[in-house]
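J.: Hey, dropping structure_18.cif in here, mmCIF, C-alpha atoms:
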```cif
data_structure
#
loop_
_atom_site.label_atom_id
_atom_site.label_comp_id
_atom_site.auth_asym_id
_atom_site.auth_seq_id
_atom_site.Cartn_x
_atom_site.Cartn_y
_atom_site.Cartn_z
CA THR A 1199 -8.46 7.16 -7.06
CA GLN A 1200 -7.19 4.11 -5.22
CA GLN A 1201 -10.71 3.32 -4.11
CA LEU A 1202 -12.00 1.72 -7.25
CA LEU A 1203 -12.48 -1.59 -5.51
CA SER A 1204 -16.22 -1.58 -5.54
CA GLY A 1205 -16.24 -4.04 -8.42
CA ARG A 1206 -14.74 -6.92 -6.48
CA GLY A 1207 -15.52 -10.47 -7.30
CA PRO A 1208 -16.10 -11.93 -10.70
CA ARG A 1209 -15.67 -8.73 -12.73
CA PRO A 1210 -12.25 -8.74 -14.41
CA ARG A 1211 -9.99 -5.86 -13.49
CA PRO A 1212 -6.94 -4.50 -15.34
CA PHE A 1213 -3.41 -5.02 -14.08
CA ARG A 1214 0.01 -4.23 -15.51
CA VAL A 1215 2.30 -7.18 -15.22
CA THR A 1216 6.04 -7.16 -15.76
CA ILE A 1217 8.81 -9.72 -15.48
CA ALA A 1218 11.92 -9.87 -13.33
CA ASP A 1219 14.13 -7.74 -15.61
CA ARG A 1220 11.26 -5.29 -16.38
CA SER A 1221 11.94 -5.58 -20.10
CA VAL A 1222 8.28 -6.28 -20.89
CA LYS A 1223 5.05 -5.11 -19.31
CA LYS A 1224 1.57 -6.16 -20.37
CA GLY A 1225 -1.92 -5.11 -19.57
CA ILE A 1226 -3.86 -8.12 -18.37
CA MET A 1227 -7.45 -8.48 -17.24
CA ALA A 1228 -8.12 -10.88 -14.40
CA ASP A 1229 -10.96 -11.60 -12.02
CA GLY A 1230 -8.75 -13.28 -9.46
CA LEU A 1231 -5.27 -14.40 -8.55
CA GLU A 1232 -5.48 -17.78 -10.24
CA ASP A 1233 -6.91 -16.26 -13.39
CA LEU A 1234 -4.06 -13.75 -13.50
CA LEU A 1235 -1.40 -16.39 -12.96
CA ASN A 1236 -2.80 -18.51 -15.76
CA LYS A 1237 -2.86 -15.61 -18.19
CA VAL A 1238 0.56 -14.36 -17.14
CA SER A 1239 2.23 -17.67 -17.69
CA ASP A 1240 1.10 -17.63 -21.31
CA SER A 1241 1.33 -14.02 -22.33
CA LEU A 1242 4.62 -13.24 -20.62
CA ASN A 1243 6.17 -16.60 -21.36
CA VAL A 1244 6.97 -17.49 -17.76
CA PRO A 1245 6.79 -21.27 -17.73
CA CYS A 1246 7.20 -21.91 -14.03
CA VAL A 1247 5.76 -19.04 -11.99
CA SER A 1248 7.18 -19.00 -8.47
CA ALA A 1249 5.66 -15.79 -7.16
CA LEU A 1250 3.63 -12.70 -7.91
CA VAL A 1251 4.80 -9.53 -6.16
CA LEU A 1252 4.02 -5.82 -6.17
CA ASP A 1253 6.56 -4.14 -8.43
CA GLU A 1254 6.82 -1.11 -6.18
CA ASP A 1255 8.25 -2.89 -3.16
CA GLY A 1256 8.34 -6.62 -3.76
CA THR A 1257 5.41 -7.48 -1.52
CA GLY A 1258 4.31 -11.02 -2.28
CA VAL A 1259 0.71 -11.43 -3.36
CA ASP A 1260 -0.01 -14.96 -2.23
CA THR A 1261 -3.67 -14.96 -1.35
CA GLU A 1262 -6.86 -14.26 -3.24
CA GLU A 1263 -8.01 -12.03 -0.41
CA PHE A 1264 -4.98 -9.75 -0.62
CA PHE A 1265 -5.08 -9.80 -4.41
CA GLN A 1266 -8.59 -8.41 -4.33
CA THR A 1267 -7.28 -5.36 -2.47
CA VAL A 1268 -4.63 -4.56 -5.08
CA PRO A 1269 -5.86 -1.49 -6.99
CA GLU A 1270 -6.70 -1.58 -10.67
CA ASN A 1271 -3.72 -0.95 -12.94
CA ALA A 1272 -1.24 -1.72 -10.19
CA VAL A 1273 2.09 -2.94 -11.54
CA LEU A 1274 2.77 -6.53 -10.56
CA MET A 1275 5.89 -8.57 -11.20
CA VAL A 1276 5.77 -12.24 -11.98
CA LEU A 1277 8.82 -14.22 -10.95
CA ASP A 1278 9.95 -17.39 -12.59
CA LYS A 1279 11.56 -20.15 -10.61
CA GLY A 1280 14.80 -18.88 -9.04
CA GLN A 1281 14.13 -15.21 -9.80
CA LYS A 1282 13.96 -12.49 -7.16
CA TRP A 1283 12.41 -9.04 -7.01
CA THR A 1284 14.91 -6.18 -7.10
CA PRO A 1285 14.29 -2.46 -6.50
CA HIS A 1286 14.00 -0.11 -9.45
CA PRO A 1287 17.55 0.79 -10.47
CA ASN A 1288 16.77 4.51 -10.61
CA SER A 1289 14.69 4.79 -7.47
CA PRO A 1290 16.13 6.55 -4.42
CA PRO A 1291 16.54 4.68 -1.15
CA ARG A 1292 13.12 4.56 0.43
CA ASN A 1293 14.02 6.63 3.47
CA GLN A 1294 14.80 9.59 1.26
CA LEU A 1295 11.38 9.77 -0.30
CA THR B 1387 -10.49 10.25 -13.70
CA GLN B 1388 -10.01 6.53 -14.25
CA GLN B 1389 -13.76 6.09 -14.21
CA LEU B 1390 -14.46 6.94 -17.83
CA LEU B 1391 -15.39 3.37 -18.51
CA SER B 1392 -19.10 3.88 -18.95
CA GLY B 1393 -18.75 4.20 -22.70
CA ARG B 1394 -17.51 0.68 -23.31
CA GLY B 1395 -18.49 -1.27 -26.33
CA PRO B 1396 -19.14 -0.22 -29.88
CA ARG B 1397 -19.09 3.55 -29.40
CA PRO B 1398 -15.88 4.97 -30.89
CA ARG B 1399 -13.65 6.72 -28.36
CA PRO B 1400 -10.78 9.14 -28.93
CA PHE B 1401 -7.15 8.17 -28.40
CA ARG B 1402 -3.89 9.97 -29.01
CA VAL B 1403 -1.45 7.78 -30.81
CA THR B 1404 2.24 8.40 -31.25
CA ILE B 1405 5.13 6.48 -32.80
CA ALA B 1406 8.34 5.15 -31.33
CA ASP B 1407 10.34 8.39 -31.65
CA ARG B 1408 7.35 10.54 -30.56
CA SER B 1409 7.83 12.81 -33.58
CA VAL B 1410 4.15 12.57 -34.57
CA LYS B 1411 0.97 12.20 -32.56
CA LYS B 1412 -2.54 11.87 -33.94
CA GLY B 1413 -6.01 11.84 -32.54
CA ILE B 1414 -7.77 8.71 -33.64
CA MET B 1415 -11.28 7.46 -32.96
CA ALA B 1416 -11.67 3.75 -32.44
CA ASP B 1417 -14.32 1.41 -31.09
CA GLY B 1418 -11.90 -1.38 -30.40
CA LEU B 1419 -8.32 -2.57 -30.54
CA GLU B 1420 -8.51 -3.98 -34.04
CA ASP B 1421 -10.19 -0.83 -35.33
CA LEU B 1422 -7.45 1.30 -33.80
CA LEU B 1423 -4.66 -0.85 -35.20
CA ASN B 1424 -6.14 -0.66 -38.68
CA LYS B 1425 -6.45 3.11 -38.54
CA VAL B 1426 -3.02 3.59 -36.99
CA SER B 1427 -1.25 1.58 -39.60
CA ASP B 1428 -2.58 3.91 -42.29
CA SER B 1429 -2.55 7.31 -40.66
CA LEU B 1430 0.80 7.00 -38.92
CA ASN B 1431 2.42 5.05 -41.73
CA VAL B 1432 3.47 2.08 -39.65
CA PRO B 1433 3.44 -0.76 -42.13
CA CYS B 1434 4.11 -3.66 -39.82
CA VAL B 1435 2.67 -2.98 -36.38
CA SER B 1436 4.28 -5.17 -33.77
CA ALA B 1437 2.70 -3.76 -30.63
CA LEU B 1438 0.51 -1.10 -29.10
CA VAL B 1439 1.66 0.14 -25.70
CA LEU B 1440 0.71 2.84 -23.22
CA ASP B 1441 3.06 5.76 -23.78
CA GLU B 1442 3.27 6.47 -20.05
CA ASP B 1443 4.94 3.23 -19.02
CA GLY B 1444 5.18 0.91 -21.99
CA THR B 1445 2.43 -1.45 -20.87
CA GLY B 1446 1.47 -3.64 -23.80
CA VAL B 1447 -2.17 -3.45 -24.86
CA ASP B 1448 -2.65 -6.88 -26.35
CA THR B 1449 -6.26 -7.69 -25.63
CA GLU B 1450 -9.58 -6.13 -26.46
CA GLU B 1451 -10.61 -6.48 -22.82
CA PHE B 1452 -7.69 -4.45 -21.52
CA PHE B 1453 -8.04 -1.94 -24.36
CA GLN B 1454 -11.57 -1.19 -23.24
CA THR B 1455 -10.24 -0.09 -19.83
CA VAL B 1456 -7.83 2.44 -21.34
CA PRO B 1457 -9.31 5.90 -20.68
CA GLU B 1458 -10.37 8.21 -23.47
CA ASN B 1459 -7.58 10.41 -24.77
CA ALA B 1460 -4.88 8.19 -23.34
CA VAL B 1461 -1.62 8.44 -25.25
CA LEU B 1462 -0.74 5.17 -26.92
CA MET B 1463 2.40 4.31 -28.81
CA VAL B 1464 2.39 2.10 -31.85
CA LEU B 1465 5.57 0.15 -32.44
CA ASP B 1466 6.75 -1.03 -35.81
CA LYS B 1467 8.58 -4.30 -36.19
CA GLY B 1468 11.84 -4.18 -34.23
CA GLN B 1469 10.98 -1.01 -32.31
CA LYS B 1470 10.83 -0.77 -28.53
CA TRP B 1471 9.15 1.58 -26.10
CA THR B 1472 11.53 3.89 -24.23
CA PRO B 1473 10.76 6.18 -21.29
CA HIS B 1474 10.21 9.86 -21.89
CA PRO B 1475 13.69 11.42 -22.01
CA ASN B 1476 12.71 14.27 -19.71
CA SER B 1477 10.69 12.32 -17.17
CA PRO B 1478 12.11 11.94 -13.68
CA PRO B 1479 12.60 8.51 -12.16
CA ARG B 1480 9.19 7.21 -11.18
CA ASN B 1481 9.59 7.47 -7.43
CA GLN B 1482 10.58 11.10 -7.59
CA LEU B 1483 7.41 12.24 -9.28
#
```
What does this structure look like when you write it as structure tokens?

T.:
Amino acid sequence: TQQLLSGRGPRPRPFRVTIADRSVKKGIMADGLEDLLNKVSDSLNVPCVSALVLDEDGTGVDTEEFFQTVPENAVLMVLDKGQKWTPHPNSPPRNQL
Amino acid sequence: TQQLLSGRGPRPRPFRVTIADRSVKKGIMADGLEDLLNKVSDSLNVPCVSALVLDEDGTGVDTEEFFQTVPENAVLMVLDKGQKWTPHPNSPPRNQL
């Protein structure tokens, strides 16, 4: 079910975007990285976006190419200027998975 | 199982909608976000709906576009003014699933 990437390109895909403290998460449709960043800035009230990362491990999503490989409904975190990704407070250390 | 998107558009689809304390859950047919919100407000007695979120992780469903990607029979939570989504009390931390 991670292989739903056949619709690459202009078709908007759903993502779940949260903010640094994970207090809010919103479903957002975007057809590309720039589109997502524009929508995120408005709907999550992040005035000065510094980075978009994968919520699961903090991987930075900097390029359109990589963004297009992120699966639908992946959880992304948008960071405002000065903010950093932190692990989930209740997740075990990764080596114990 | 995320591929139930063929029925987009005006055809009503079934959803399961609960309220903030999860004491009630109802099956509701809706052809769109606005339709669902109208029906929910009545049938679940939520006078002042502030948000509709995915019950599984609290993702806000704010746009018609994203709503159309929510699979049939997904559990949604409707929040009244001042209410917040909370995780399921008996669910394990996400990385231990």

J.: Give me, as a VMD selection string, the contact residues of chain A against chain B at a cut-off of 9 Å, counting all atoms listed in the file.

T.: chain A and resid 1199 1202 1210 to 1216 1222 to 1227 1286 1288 to 1290 1295

J.: Let me know the residues the PyMOL selection byres ((chain A and resi 1237) around 12) catches in the file above, as a PyMOL selection string.

T.: (chain A and resi 1213+1215+1224-1236+1238-1245+1247+1276) or (chain B and resi 1448-1449)

J.: Next, the residues of the selection above should be written as a PDB file, in the frame of the given file with C-alpha atoms.

T.:
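So the final result, stored in out_4.pdb, reads:
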```pdb
ATOM      1  CA  PHE A1213      -3.410  -5.020 -14.080  1.00  0.00           C
ATOM      2  CA  VAL A1215       2.300  -7.180 -15.220  1.00  0.00           C
ATOM      3  CA  LYS A1224       1.570  -6.160 -20.370  1.00  0.00           C
ATOM      4  CA  GLY A1225      -1.920  -5.110 -19.570  1.00  0.00           C
ATOM      5  CA  ILE A1226      -3.860  -8.120 -18.370  1.00  0.00           C
ATOM      6  CA  MET A1227      -7.450  -8.480 -17.240  1.00  0.00           C
ATOM      7  CA  ALA A1228      -8.120 -10.880 -14.400  1.00  0.00           C
ATOM      8  CA  ASP A1229     -10.960 -11.600 -12.020  1.00  0.00           C
ATOM      9  CA  GLY A1230      -8.750 -13.280  -9.460  1.00  0.00           C
ATOM     10  CA  LEU A1231      -5.270 -14.400  -8.550  1.00  0.00           C
ATOM     11  CA  GLU A1232      -5.480 -17.780 -10.240  1.00  0.00           C
ATOM     12  CA  ASP A1233      -6.910 -16.260 -13.390  1.00  0.00           C
ATOM     13  CA  LEU A1234      -4.060 -13.750 -13.500  1.00  0.00           C
ATOM     14  CA  LEU A1235      -1.400 -16.390 -12.960  1.00  0.00           C
ATOM     15  CA  ASN A1236      -2.800 -18.510 -15.760  1.00  0.00           C
ATOM     16  CA  VAL A1238       0.560 -14.360 -17.140  1.00  0.00           C
ATOM     17  CA  SER A1239       2.230 -17.670 -17.690  1.00  0.00           C
ATOM     18  CA  ASP A1240       1.100 -17.630 -21.310  1.00  0.00           C
ATOM     19  CA  SER A1241       1.330 -14.020 -22.330  1.00  0.00           C
ATOM     20  CA  LEU A1242       4.620 -13.240 -20.620  1.00  0.00           C
ATOM     21  CA  ASN A1243       6.170 -16.600 -21.360  1.00  0.00           C
ATOM     22  CA  VAL A1244       6.970 -17.490 -17.760  1.00  0.00           C
ATOM     23  CA  PRO A1245       6.790 -21.270 -17.730  1.00  0.00           C
ATOM     24  CA  VAL A1247       5.760 -19.040 -11.990  1.00  0.00           C
ATOM     25  CA  VAL A1276       5.770 -12.240 -11.980  1.00  0.00           C
TER      26      VAL A1276
ATOM     27  CA  ASP B1448      -2.650  -6.880 -26.350  1.00  0.00           C
ATOM     28  CA  THR B1449      -6.260  -7.690 -25.630  1.00  0.00           C
TER      29      THR B1449
END
```

J.: Give me, please, the distance in Å between atom CA of A:Ala1218 and atom CA of B:Arg1408, quoted to one decimal.

T.: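 Atom CA of A:Ala1218 sits 27.1 Å away from atom CA of B:Arg1408.
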
J.: Please, what distance in Å, to one decimal, runs between atom CA of B:Ala1460 and atom CA of B:Arg1397?

T.: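 Distance between the two atoms: 16.1 Å.
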
J.: Pick out the residues sitting within 6 Å of A:Asp1253, and hand them over as a VMD selection string; count all atoms listed in the file, and ignore anything fewer than 3 positions along from it in its own chain.

T.: chain A and resid 1256 1273 to 1275

J.: My structure is short of atoms at stretch 1433-1444 of chain B; please model all heavy atoms there, returning them as a compact mmCIF listing (two decimals), in the frame of the given file.

T.:
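Just written: part.txt:
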```
# COMPACT_ATOMS: atom_id res chain seq x y z
N PRO B 1433 3.87 0.33 -41.27
CA PRO B 1433 3.44 -0.76 -42.13
C PRO B 1433 3.27 -2.10 -41.41
O PRO B 1433 2.39 -2.87 -41.73
CB PRO B 1433 4.54 -0.85 -43.19
CG PRO B 1433 5.72 -0.20 -42.56
CD PRO B 1433 5.20 0.83 -41.62
N CYS B 1434 4.12 -2.33 -40.42
CA CYS B 1434 4.11 -3.66 -39.82
C CYS B 1434 4.05 -3.53 -38.30
O CYS B 1434 5.06 -3.67 -37.60
CB CYS B 1434 5.37 -4.41 -40.26
SG CYS B 1434 5.38 -6.12 -39.74
N VAL B 1435 2.84 -3.23 -37.81
CA VAL B 1435 2.67 -2.98 -36.38
C VAL B 1435 3.03 -4.22 -35.56
O VAL B 1435 2.51 -5.30 -35.81
CB VAL B 1435 1.21 -2.57 -36.08
CG1 VAL B 1435 0.98 -2.47 -34.59
CG2 VAL B 1435 0.86 -1.27 -36.78
N SER B 1436 3.93 -4.03 -34.61
CA SER B 1436 4.28 -5.17 -33.77
C SER B 1436 3.63 -5.10 -32.40
O SER B 1436 3.42 -6.12 -31.76
CB SER B 1436 5.80 -5.27 -33.60
OG SER B 1436 6.28 -4.20 -32.82
N ALA B 1437 3.32 -3.88 -31.93
CA ALA B 1437 2.70 -3.76 -30.63
C ALA B 1437 2.09 -2.39 -30.43
O ALA B 1437 2.51 -1.41 -31.05
CB ALA B 1437 3.73 -4.02 -29.52
N LEU B 1438 1.10 -2.35 -29.55
CA LEU B 1438 0.51 -1.10 -29.10
C LEU B 1438 0.73 -1.05 -27.60
O LEU B 1438 0.39 -1.99 -26.89
CB LEU B 1438 -0.98 -1.08 -29.42
CG LEU B 1438 -1.71 0.22 -29.10
CD1 LEU B 1438 -1.39 1.28 -30.14
CD2 LEU B 1438 -3.22 -0.01 -29.03
N VAL B 1439 1.34 0.05 -27.13
CA VAL B 1439 1.66 0.14 -25.70
C VAL B 1439 1.18 1.49 -25.16
O VAL B 1439 0.96 2.45 -25.91
CB VAL B 1439 3.18 0.00 -25.44
CG1 VAL B 1439 3.71 -1.31 -26.00
CG2 VAL B 1439 3.96 1.18 -26.01
N LEU B 1440 1.01 1.56 -23.85
CA LEU B 1440 0.71 2.84 -23.22
C LEU B 1440 1.98 3.68 -23.22
O LEU B 1440 3.04 3.22 -22.78
CB LEU B 1440 0.23 2.63 -21.78
CG LEU B 1440 -1.02 1.79 -21.60
CD1 LEU B 1440 -1.35 1.66 -20.11
CD2 LEU B 1440 -2.20 2.44 -22.32
N ASP B 1441 1.88 4.91 -23.70
CA ASP B 1441 3.06 5.76 -23.78
C ASP B 1441 3.64 6.03 -22.39
O ASP B 1441 4.85 6.16 -22.22
CB ASP B 1441 2.69 7.09 -24.44
CG ASP B 1441 3.89 7.99 -24.61
OD1 ASP B 1441 4.93 7.50 -25.07
OD2 ASP B 1441 3.80 9.18 -24.27
N GLU B 1442 2.80 6.07 -21.38
CA GLU B 1442 3.27 6.47 -20.05
C GLU B 1442 4.26 5.49 -19.43
O GLU B 1442 5.18 5.88 -18.74
CB GLU B 1442 2.09 6.70 -19.09
CG GLU B 1442 1.28 5.44 -18.82
CD GLU B 1442 0.11 5.68 -17.85
OE1 GLU B 1442 -0.93 6.12 -18.34
OE2 GLU B 1442 0.25 5.43 -16.65
N ASP B 1443 4.04 4.20 -19.67
CA ASP B 1443 4.94 3.23 -19.02
C ASP B 1443 5.25 2.00 -19.86
O ASP B 1443 5.85 1.05 -19.35
CB ASP B 1443 4.40 2.82 -17.65
CG ASP B 1443 3.11 2.00 -17.76
OD1 ASP B 1443 2.59 1.85 -18.89
OD2 ASP B 1443 2.65 1.50 -16.73
N GLY B 1444 4.83 2.02 -21.10
CA GLY B 1444 5.18 0.91 -21.99
C GLY B 1444 4.36 -0.36 -21.82
O GLY B 1444 4.70 -1.39 -22.40
```
